[in-house]
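Participant: My questions all concern the structure below.
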Amino acid sequence: MPTSGALNLILQAAHQAPSADNSQPWRLGWFNQTLSVAYDTARVSHKTFPADSPATLLTIGAAQENITQAANAIGHPLTWQVPTSLDPNQPVYCQALLEQATESTQVSADALPLFKRHTNRLPYRAQRLPETLLNTLKKQTEASAHVVVIDQPSTISQVAGLVKQASEIRFQTREIHEWLAKSLRFGKSSGSYDDGLDVNTLDLPPGGIAFLKLISAWPRMKILNLLGAYKALSFIDSRPVKDAPALVAIVGPSGFQDILAAGQLMDRIWIDLNAQGIAVHPYYVIADQLHRRQAGAIPAGLEKQADAVFTKAREIFQFGEGETLQMLLRVGYPKKTPVLSKRLPLEVVCSI
Ligand SMILES: Cc1cc2nc3c(=O)[nH]c(=O)nc-3n(C[C@H](O)[C@H](O)[C@H](O)COP(=O)(O)O)c2cc1C
């Protein structure tokens, strides 16, 4: 049995994981020496990605990685039990059996790199990343998930084009637009919100906040789309990718356990890069549209555009049989420290 301090550190570590739109969809349970990670249906369903969506599985994989890193740091052996698929009636993704530590180590959260991981959506310096680092990144794997590093300017430019194309579909997709609108948190200063996307953490151009408020309601967005709003937004969205010194893609199959593994790999790389002073900005839009295409969920009339995204993505990211892009990270040396996102109080996400 871990001490209450050790258990608290592990729970905090899980809760510090990145999540799509900062939705923090996890419900953490502690029973019979076992830590479980489930979907908090009552709190988040219909407000963000569903329990079995690839975005949520990536998020949960990241929480799993944080739990593993925290447990390792305090010297607690841990065994994961992961089902082969998610039970929709009882959406428990994984359970960690924590054994007695032979020698318990006192560690403060400040000493763990996972607590310093964060999203940086600001512009980065043009400086290239060291060749040795890029080569190390290319070799990273977790189960079926692997990494593709893109650092040639012409290929980076092609990926920026793909982000733009995928974003154009996204800004014409009602469901994604409404999830985003529900997660946006408007306020003059940061710090007032503990979940969702605080607009102060976004790199918005002048007038951006007012524009986001304007388009939050889908009927208005639909009208503005007739005037080409989706094109302007997609251009703004893809611009930082064009200027990126490097991109890191997480590629792998899309089974339940495969995407959890991709989430672990994404989080591990993100923590390591941040610990080396390198900023990370996830771009989920291409991966999302590829999954939606696979699920037949592309809005009518946009299927050809989604097919074009798939064909080009397969060529650039060199998908093997059954593989797809699970996540794209823009990486580089930061110019500035971003506003950090908050978390809900731990007791809101825990059943202990
Ligand atoms: C599955 C997933 C998808 C994400 N997609 C995006 C994205 O497309 N664009 C973006 O700016 N941030 C994206 N993020 C970053 C989250 O918004 C971020 O993790 C969350 O707001 C918490 O902030 P933090 O990473 O600084 O802790 C994504 C994160 C995850 C786990």
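So you can find residues: chains in the structure tokens are A, B, ... in the order shown, residues in each start at 1, and ligands are numbered from 1 in order.
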Pick out the residues sitting within 10 Å of Pro345 in chain A, and hand them over as a tab-separated table (two decimals) with N, CA and C atoms, in the first residue's frame; count only C-alpha atoms, and ignore anything fewer than 6 positions along from it in its own chain.
Facilitator:
```tsv
chain	number	residue	atom	x	y	z
A	12	GLN	N	-1.99	13.02	-8.73
A	12	GLN	CA	-1.71	14.34	-9.31
A	12	GLN	C	-1.01	14.21	-10.66
A	15	HIS	N	-3.46	13.40	-13.30
A	15	HIS	CA	-4.32	14.56	-13.55
A	15	HIS	C	-3.59	15.67	-14.30
A	194	ASP	N	-10.54	26.21	-14.53
A	194	ASP	CA	-9.70	25.05	-14.23
A	194	ASP	C	-9.96	23.88	-15.16
A	195	ASP	N	-10.81	24.06	-16.16
A	195	ASP	CA	-10.85	23.09	-17.25
A	195	ASP	C	-11.18	23.85	-18.53
```
Participant: Just list as a VMD selection string whatever in range 103-196 of chain A DSSP marks as alpha helix (DSSP H).
Facilitator: chain A and resid 131 to 138 153 to 170 174 to 183
Participant: How would you report the residues lying within 6 Å of ligand 1, as a PyMOL selection string, if you count only C-alpha atoms and all ligand atoms?
Facilitator: chain A and resi 18-22+55+58-59+118-119+197+281-285+340-341
Participant: Save out the residues we just selected, C-alpha atoms, as a tab-separated table (two decimals), in the first residue's frame.
Facilitator:
```tsv
chain	number	residue	atom	x	y	z
A	18	PRO	CA	-2.53	16.62	-21.52
A	19	SER	CA	-6.09	16.17	-22.80
A	20	ALA	CA	-7.98	17.19	-25.94
A	21	ASP	CA	-9.34	20.73	-25.33
A	22	ASN	CA	-8.18	20.35	-21.70
A	55	ALA	CA	-8.54	11.52	-29.05
A	58	LEU	CA	-4.50	9.23	-26.66
A	59	THR	CA	-5.35	11.34	-23.61
A	118	HIS	CA	2.96	21.95	-21.18
A	119	THR	CA	1.53	23.14	-24.51
A	197	LEU	CA	-9.46	26.01	-23.26
A	281	HIS	CA	2.46	22.23	-29.76
A	282	PRO	CA	0.17	19.30	-30.64
A	283	TYR	CA	-1.83	19.41	-33.87
A	284	TYR	CA	-4.54	16.78	-33.80
A	285	VAL	CA	-6.48	17.98	-36.84
A	340	LEU	CA	-0.28	27.60	-18.66
A	341	SER	CA	-3.58	25.75	-18.56
```
Participant: Of the residues A:Gln140, A:Gln152, A:Asn66, A:Thr34, which is the one nearest to Ile250 in chain A, using only C-alpha atoms?
Facilitator: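 So, comparing all the options, the nearest one is A:Gln140.
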Participant: Contacts of Lys336 in chain A at 9 Å or less, counting only C-alpha atoms, minus same-chain residues fewer than 4 places along, as a VMD selection string?
Facilitator: chain A and resid 120 122 to 124
Participant: Counting only C-alpha atoms, which of A:Asp198, A:Glu178, A:Asp110, A:Asp258 gets nearest to Pro54 in chain A?
Facilitator: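 Under the stated criterion, the closest residue is A:Asp258.
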Participant: Using only C-alpha atoms, which of the listed residues (A:Glu303, A:Arg117, A:Pro245, A:Leu11) sits closest to Leu290 in chain A?
Facilitator: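 Selected residue with least distance to Leu290 in chain A: A:Glu303.
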Participant: For Ser238 in chain A, find every residue with an atom within 9 Å (counting only C-alpha atoms), except residues of its own chain fewer than 2 positions away, and show them as a short mmCIF file (atom, residue, chain, number, x, y, z; two decimals) with all heavy atoms, in the first residue's frame.
Facilitator:
```cif
data_model
loop_
_atom_site.label_atom_id
_atom_site.label_comp_id
_atom_site.auth_asym_id
_atom_site.auth_seq_id
_atom_site.Cartn_x
_atom_site.Cartn_y
_atom_site.Cartn_z
N VAL A 159 3.33 19.38 -45.06
CA VAL A 159 2.49 19.03 -43.90
C VAL A 159 1.62 20.23 -43.50
O VAL A 159 0.45 20.06 -43.15
CB VAL A 159 3.36 18.54 -42.70
CG1 VAL A 159 2.48 18.26 -41.49
CG2 VAL A 159 4.15 17.30 -43.07
N ALA A 160 2.19 21.44 -43.60
CA ALA A 160 1.39 22.64 -43.30
C ALA A 160 0.19 22.70 -44.24
O ALA A 160 -0.93 23.04 -43.83
CB ALA A 160 2.25 23.89 -43.43
N GLY A 161 0.41 22.33 -45.50
CA GLY A 161 -0.69 22.29 -46.47
C GLY A 161 -1.75 21.27 -46.06
O GLY A 161 -2.96 21.52 -46.18
N LEU A 162 -1.29 20.14 -45.52
CA LEU A 162 -2.23 19.11 -45.06
C LEU A 162 -3.03 19.59 -43.85
O LEU A 162 -4.23 19.31 -43.74
CB LEU A 162 -1.44 17.86 -44.62
CG LEU A 162 -1.21 16.76 -45.62
CD1 LEU A 162 -0.54 15.58 -44.94
CD2 LEU A 162 -2.55 16.31 -46.20
N VAL A 163 -2.33 20.30 -42.93
CA VAL A 163 -3.04 20.85 -41.75
C VAL A 163 -4.13 21.80 -42.23
O VAL A 163 -5.26 21.77 -41.74
CB VAL A 163 -2.05 21.58 -40.79
CG1 VAL A 163 -2.80 22.39 -39.74
CG2 VAL A 163 -1.12 20.58 -40.12
N LYS A 164 -3.80 22.60 -43.25
CA LYS A 164 -4.77 23.57 -43.76
C LYS A 164 -5.99 22.84 -44.36
O LYS A 164 -7.14 23.16 -44.05
CB LYS A 164 -4.11 24.47 -44.80
CG LYS A 164 -5.00 25.57 -45.32
CD LYS A 164 -4.20 26.61 -46.08
CE LYS A 164 -5.11 27.63 -46.71
NZ LYS A 164 -5.97 27.07 -47.75
N SER A 167 -7.97 21.21 -41.61
CA SER A 167 -8.65 22.24 -40.82
C SER A 167 -9.88 22.77 -41.54
O SER A 167 -10.88 23.12 -40.92
CB SER A 167 -7.71 23.42 -40.58
OG SER A 167 -7.01 23.26 -39.41
N LEU A 233 -9.61 30.74 -41.18
CA LEU A 233 -9.23 30.11 -39.92
C LEU A 233 -8.20 29.00 -40.15
O LEU A 233 -7.26 28.84 -39.37
CB LEU A 233 -10.48 29.53 -39.23
CG LEU A 233 -11.40 30.59 -38.61
CD1 LEU A 233 -12.74 29.98 -38.24
CD2 LEU A 233 -10.74 31.21 -37.38
N SER A 234 -8.37 28.25 -41.22
CA SER A 234 -7.44 27.15 -41.51
C SER A 234 -6.06 27.69 -41.88
O SER A 234 -5.04 27.10 -41.53
CB SER A 234 -7.96 26.30 -42.66
OG SER A 234 -9.26 25.90 -42.38
N PHE A 235 -6.06 28.81 -42.58
CA PHE A 235 -4.78 29.43 -42.94
C PHE A 235 -4.04 29.84 -41.66
O PHE A 235 -2.86 29.53 -41.48
CB PHE A 235 -5.02 30.65 -43.85
CG PHE A 235 -3.76 31.40 -44.15
CD1 PHE A 235 -2.85 30.90 -45.08
CD2 PHE A 235 -3.45 32.57 -43.47
CE1 PHE A 235 -1.66 31.57 -45.34
CE2 PHE A 235 -2.26 33.24 -43.72
CZ PHE A 235 -1.37 32.74 -44.65
N ILE A 236 -4.78 30.50 -40.74
CA ILE A 236 -4.16 30.96 -39.47
C ILE A 236 -3.66 29.75 -38.67
O ILE A 236 -2.56 29.76 -38.12
CB ILE A 236 -5.18 31.78 -38.64
CG1 ILE A 236 -5.53 33.07 -39.38
CG2 ILE A 236 -4.65 32.08 -37.24
CD1 ILE A 236 -6.73 33.83 -38.80
N PRO A 240 1.76 28.41 -38.23
CA PRO A 240 2.90 28.06 -37.37
C PRO A 240 3.58 26.76 -37.79
O PRO A 240 4.77 26.58 -37.56
CB PRO A 240 2.27 27.91 -35.97
CG PRO A 240 1.00 28.69 -36.03
CD PRO A 240 0.51 28.55 -37.44
N VAL A 241 2.84 25.85 -38.42
CA VAL A 241 3.44 24.58 -38.86
C VAL A 241 4.44 24.86 -39.97
O VAL A 241 5.53 24.29 -40.02
CB VAL A 241 2.34 23.59 -39.33
CG1 VAL A 241 2.95 22.31 -39.87
CG2 VAL A 241 1.39 23.28 -38.18
N LYS A 242 4.07 25.78 -40.88
CA LYS A 242 4.95 26.12 -42.00
C LYS A 242 6.29 26.65 -41.49
O LYS A 242 7.34 26.40 -42.08
CB LYS A 242 4.25 27.19 -42.85
CG LYS A 242 4.79 27.32 -44.24
CD LYS A 242 3.73 27.96 -45.14
CE LYS A 242 4.11 27.80 -46.59
NZ LYS A 242 4.99 28.78 -47.08
#
```
Participant: For Gln64 in chain A, work out the shell of residues within 9 Å, counting only C-alpha atoms and skipping chain neighbours fewer than 6 positions away, then give it as number ranges by chain.
Facilitator: A: 14, 17, 37, 80, 94, 96, 260, 263-264
Participant: So how far away is CA of Leu28 in chain A from CA of Val349 in chain A, in Å?
Facilitator: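 Result for CA of Val349 in chain A versus CA of Leu28 in chain A: 6.1 Å, one decimal.
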Participant: Select, from A:Ile215, A:Leu265, A:Leu344, A:Ala42, the residue with the minimum atom-to-atom distance to Tyr193 in chain A, counting only C-alpha atoms.
Facilitator: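 With only C-alpha atoms as the atom set, the closest residue is A:Leu344.
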Participant: Find the residues near Tyr230 in chain A: any atom within 7 Å, counting only C-alpha atoms, skip ones fewer than 4 places away on the same chain, and give them as a PyMOL selection string.
Facilitator: chain A and resi 168+171-172+225+234
Participant: Restrict the selected residues to N, CA, C and O atoms and save them as a CSV table (one decimal), in the first residue's frame.
Facilitator:
```
chain,number,residue,atom,x,y,z
A,168,GLU,N,-9.8,22.9,-42.9
A,168,GLU,CA,-10.9,23.3,-43.6
A,168,GLU,C,-12.1,22.4,-43.4
A,168,GLU,O,-13.3,22.9,-43.3
A,171,PHE,N,-13.4,23.0,-39.7
A,171,PHE,CA,-14.2,24.2,-39.4
A,171,PHE,C,-15.6,24.1,-40.2
A,171,PHE,O,-16.4,25.0,-40.0
A,172,GLN,N,-15.8,23.1,-41.0
A,172,GLN,CA,-17.1,22.9,-41.6
A,172,GLN,C,-17.8,21.7,-41.0
A,172,GLN,O,-18.8,21.2,-41.5
A,225,ASN,N,-19.1,30.8,-43.0
A,225,ASN,CA,-18.4,29.8,-43.8
A,225,ASN,C,-18.8,30.1,-45.3
A,225,ASN,O,-17.9,29.8,-46.2
A,234,SER,N,-8.4,28.3,-41.2
A,234,SER,CA,-7.4,27.2,-41.5
A,234,SER,C,-6.1,27.7,-41.9
A,234,SER,O,-5.0,27.1,-41.5
```
Participant: Please, which residues of range 202-342 of chain A, numbered as in this document, come out strand (DSSP E) from DSSP, as a PDB file with N, CA, C and O atoms, in the first residue's frame?
Facilitator:
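Writing done, so here's part-v2.pdb:
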```
ATOM      1  N   ALA A 246      10.880  21.753 -36.850  1.00  0.00           N
ATOM      2  CA  ALA A 246      10.710  20.298 -37.015  1.00  0.00           C
ATOM      3  C   ALA A 246       9.313  19.881 -36.567  1.00  0.00           C
ATOM      4  O   ALA A 246       8.653  20.585 -35.786  1.00  0.00           O
ATOM      5  N   LEU A 247       8.887  18.733 -37.088  1.00  0.00           N
ATOM      6  CA  LEU A 247       7.598  18.149 -36.705  1.00  0.00           C
ATOM      7  C   LEU A 247       7.847  16.711 -36.270  1.00  0.00           C
ATOM      8  O   LEU A 247       8.683  16.027 -36.867  1.00  0.00           O
ATOM      9  N   VAL A 248       7.127  16.285 -35.250  1.00  0.00           N
ATOM     10  CA  VAL A 248       7.269  14.904 -34.772  1.00  0.00           C
ATOM     11  C   VAL A 248       5.896  14.246 -34.912  1.00  0.00           C
ATOM     12  O   VAL A 248       4.916  14.728 -34.339  1.00  0.00           O
ATOM     13  N   ALA A 249       5.846  13.166 -35.693  1.00  0.00           N
ATOM     14  CA  ALA A 249       4.568  12.477 -35.905  1.00  0.00           C
ATOM     15  C   ALA A 249       4.573  11.159 -35.141  1.00  0.00           C
ATOM     16  O   ALA A 249       5.575  10.439 -35.143  1.00  0.00           O
ATOM     17  N   ILE A 250       3.450  10.865 -34.474  1.00  0.00           N
ATOM     18  CA  ILE A 250       3.278   9.564 -33.822  1.00  0.00           C
ATOM     19  C   ILE A 250       2.382   8.747 -34.753  1.00  0.00           C
ATOM     20  O   ILE A 250       1.253   9.160 -35.047  1.00  0.00           O
ATOM     21  N   VAL A 251       2.910   7.624 -35.210  1.00  0.00           N
ATOM     22  CA  VAL A 251       2.211   6.801 -36.205  1.00  0.00           C
ATOM     23  C   VAL A 251       1.994   5.405 -35.627  1.00  0.00           C
ATOM     24  O   VAL A 251       2.866   4.880 -34.923  1.00  0.00           O
ATOM     25  N   GLY A 252       0.837   4.824 -35.913  1.00  0.00           N
ATOM     26  CA  GLY A 252       0.598   3.454 -35.444  1.00  0.00           C
ATOM     27  C   GLY A 252      -0.795   2.992 -35.821  1.00  0.00           C
ATOM     28  O   GLY A 252      -1.588   3.767 -36.373  1.00  0.00           O
ATOM     29  N   PRO A 253      -1.124   1.744 -35.513  1.00  0.00           N
ATOM     30  CA  PRO A 253      -2.464   1.226 -35.798  1.00  0.00           C
ATOM     31  C   PRO A 253      -3.504   1.853 -34.864  1.00  0.00           C
ATOM     32  O   PRO A 253      -3.148   2.535 -33.902  1.00  0.00           O
ATOM     33  N   ALA A 279      10.014  23.447 -26.946  1.00  0.00           N
ATOM     34  CA  ALA A 279       8.565  23.633 -26.838  1.00  0.00           C
ATOM     35  C   ALA A 279       7.824  22.645 -27.731  1.00  0.00           C
ATOM     36  O   ALA A 279       8.349  22.196 -28.755  1.00  0.00           O
ATOM     37  N   VAL A 280       6.594  22.327 -27.330  1.00  0.00           N
ATOM     38  CA  VAL A 280       5.760  21.365 -28.068  1.00  0.00           C
ATOM     39  C   VAL A 280       4.352  21.942 -28.238  1.00  0.00           C
ATOM     40  O   VAL A 280       3.785  22.485 -27.294  1.00  0.00           O
ATOM     41  N   HIS A 281       3.828  21.809 -29.461  1.00  0.00           N
ATOM     42  CA  HIS A 281       2.455  22.231 -29.764  1.00  0.00           C
ATOM     43  C   HIS A 281       1.781  21.106 -30.546  1.00  0.00           C
ATOM     44  O   HIS A 281       2.127  20.863 -31.699  1.00  0.00           O
ATOM     45  N   PRO A 282       0.834  20.385 -29.915  1.00  0.00           N
ATOM     46  CA  PRO A 282       0.171  19.300 -30.644  1.00  0.00           C
ATOM     47  C   PRO A 282      -0.800  19.827 -31.695  1.00  0.00           C
ATOM     48  O   PRO A 282      -1.478  20.830 -31.466  1.00  0.00           O
ATOM     49  N   TYR A 283      -0.840  19.147 -32.816  1.00  0.00           N
ATOM     50  CA  TYR A 283      -1.827  19.415 -33.873  1.00  0.00           C
ATOM     51  C   TYR A 283      -2.559  18.107 -34.116  1.00  0.00           C
ATOM     52  O   TYR A 283      -2.019  17.186 -34.728  1.00  0.00           O
ATOM     53  N   GLU A 323      -1.866   1.284 -40.460  1.00  0.00           N
ATOM     54  CA  GLU A 323      -1.398   2.399 -39.617  1.00  0.00           C
ATOM     55  C   GLU A 323      -2.010   3.726 -40.057  1.00  0.00           C
ATOM     56  O   GLU A 323      -2.432   3.881 -41.205  1.00  0.00           O
ATOM     57  N   THR A 324      -1.992   4.675 -39.139  1.00  0.00           N
ATOM     58  CA  THR A 324      -2.407   6.036 -39.476  1.00  0.00           C
ATOM     59  C   THR A 324      -1.625   7.018 -38.605  1.00  0.00           C
ATOM     60  O   THR A 324      -0.867   6.615 -37.712  1.00  0.00           O
ATOM     61  N   LEU A 325      -1.823   8.303 -38.882  1.00  0.00           N
ATOM     62  CA  LEU A 325      -1.213   9.320 -38.021  1.00  0.00           C
ATOM     63  C   LEU A 325      -2.057   9.414 -36.756  1.00  0.00           C
ATOM     64  O   LEU A 325      -3.275   9.580 -36.835  1.00  0.00           O
ATOM     65  N   GLN A 326      -1.424   9.295 -35.597  1.00  0.00           N
ATOM     66  CA  GLN A 326      -2.173   9.429 -34.335  1.00  0.00           C
ATOM     67  C   GLN A 326      -2.012  10.828 -33.746  1.00  0.00           C
ATOM     68  O   GLN A 326      -2.911  11.320 -33.078  1.00  0.00           O
ATOM     69  N   MET A 327      -0.866  11.463 -33.981  1.00  0.00           N
ATOM     70  CA  MET A 327      -0.668  12.824 -33.460  1.00  0.00           C
ATOM     71  C   MET A 327       0.499  13.483 -34.176  1.00  0.00           C
ATOM     72  O   MET A 327       1.456  12.811 -34.562  1.00  0.00           O
ATOM     73  N   LEU A 328       0.380  14.783 -34.360  1.00  0.00           N
ATOM     74  CA  LEU A 328       1.471  15.569 -34.942  1.00  0.00           C
ATOM     75  C   LEU A 328       1.880  16.617 -33.917  1.00  0.00           C
ATOM     76  O   LEU A 328       1.019  17.299 -33.348  1.00  0.00           O
ATOM     77  N   LEU A 329       3.186  16.734 -33.679  1.00  0.00           N
ATOM     78  CA  LEU A 329       3.686  17.738 -32.731  1.00  0.00           C
ATOM     79  C   LEU A 329       4.574  18.734 -33.468  1.00  0.00           C
ATOM     80  O   LEU A 329       5.498  18.330 -34.184  1.00  0.00           O
ATOM     81  N   ARG A 330       4.287  20.014 -33.307  1.00  0.00           N
ATOM     82  CA  ARG A 330       5.204  21.067 -33.785  1.00  0.00           C
ATOM     83  C   ARG A 330       6.207  21.287 -32.661  1.00  0.00           C
ATOM     84  O   ARG A 330       5.798  21.475 -31.502  1.00  0.00           O
ATOM     85  N   VAL A 331       7.490  21.225 -32.977  1.00  0.00           N
ATOM     86  CA  VAL A 331       8.491  21.350 -31.910  1.00  0.00           C
ATOM     87  C   VAL A 331       9.549  22.381 -32.295  1.00  0.00           C
ATOM     88  O   VAL A 331       9.833  22.581 -33.481  1.00  0.00           O
ATOM     89  N   GLY A 332      10.124  23.035 -31.297  1.00  0.00           N
ATOM     90  CA  GLY A 332      11.174  24.020 -31.572  1.00  0.00           C
ATOM     91  C   GLY A 332      11.554  24.772 -30.309  1.00  0.00           C
ATOM     92  O   GLY A 332      10.910  24.614 -29.268  1.00  0.00           O
TER      93      GLY A 332
END
```
Participant: Just checking: using only C-alpha atoms, which residue out of A:Ala126, A:Ile286, A:Ala38, A:Leu224 ends up closest to Ala308 in chain A?
Facilitator: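 When distances to Ala308 in chain A are compared using only C-alpha atoms, the smallest one comes from A:Ile286.
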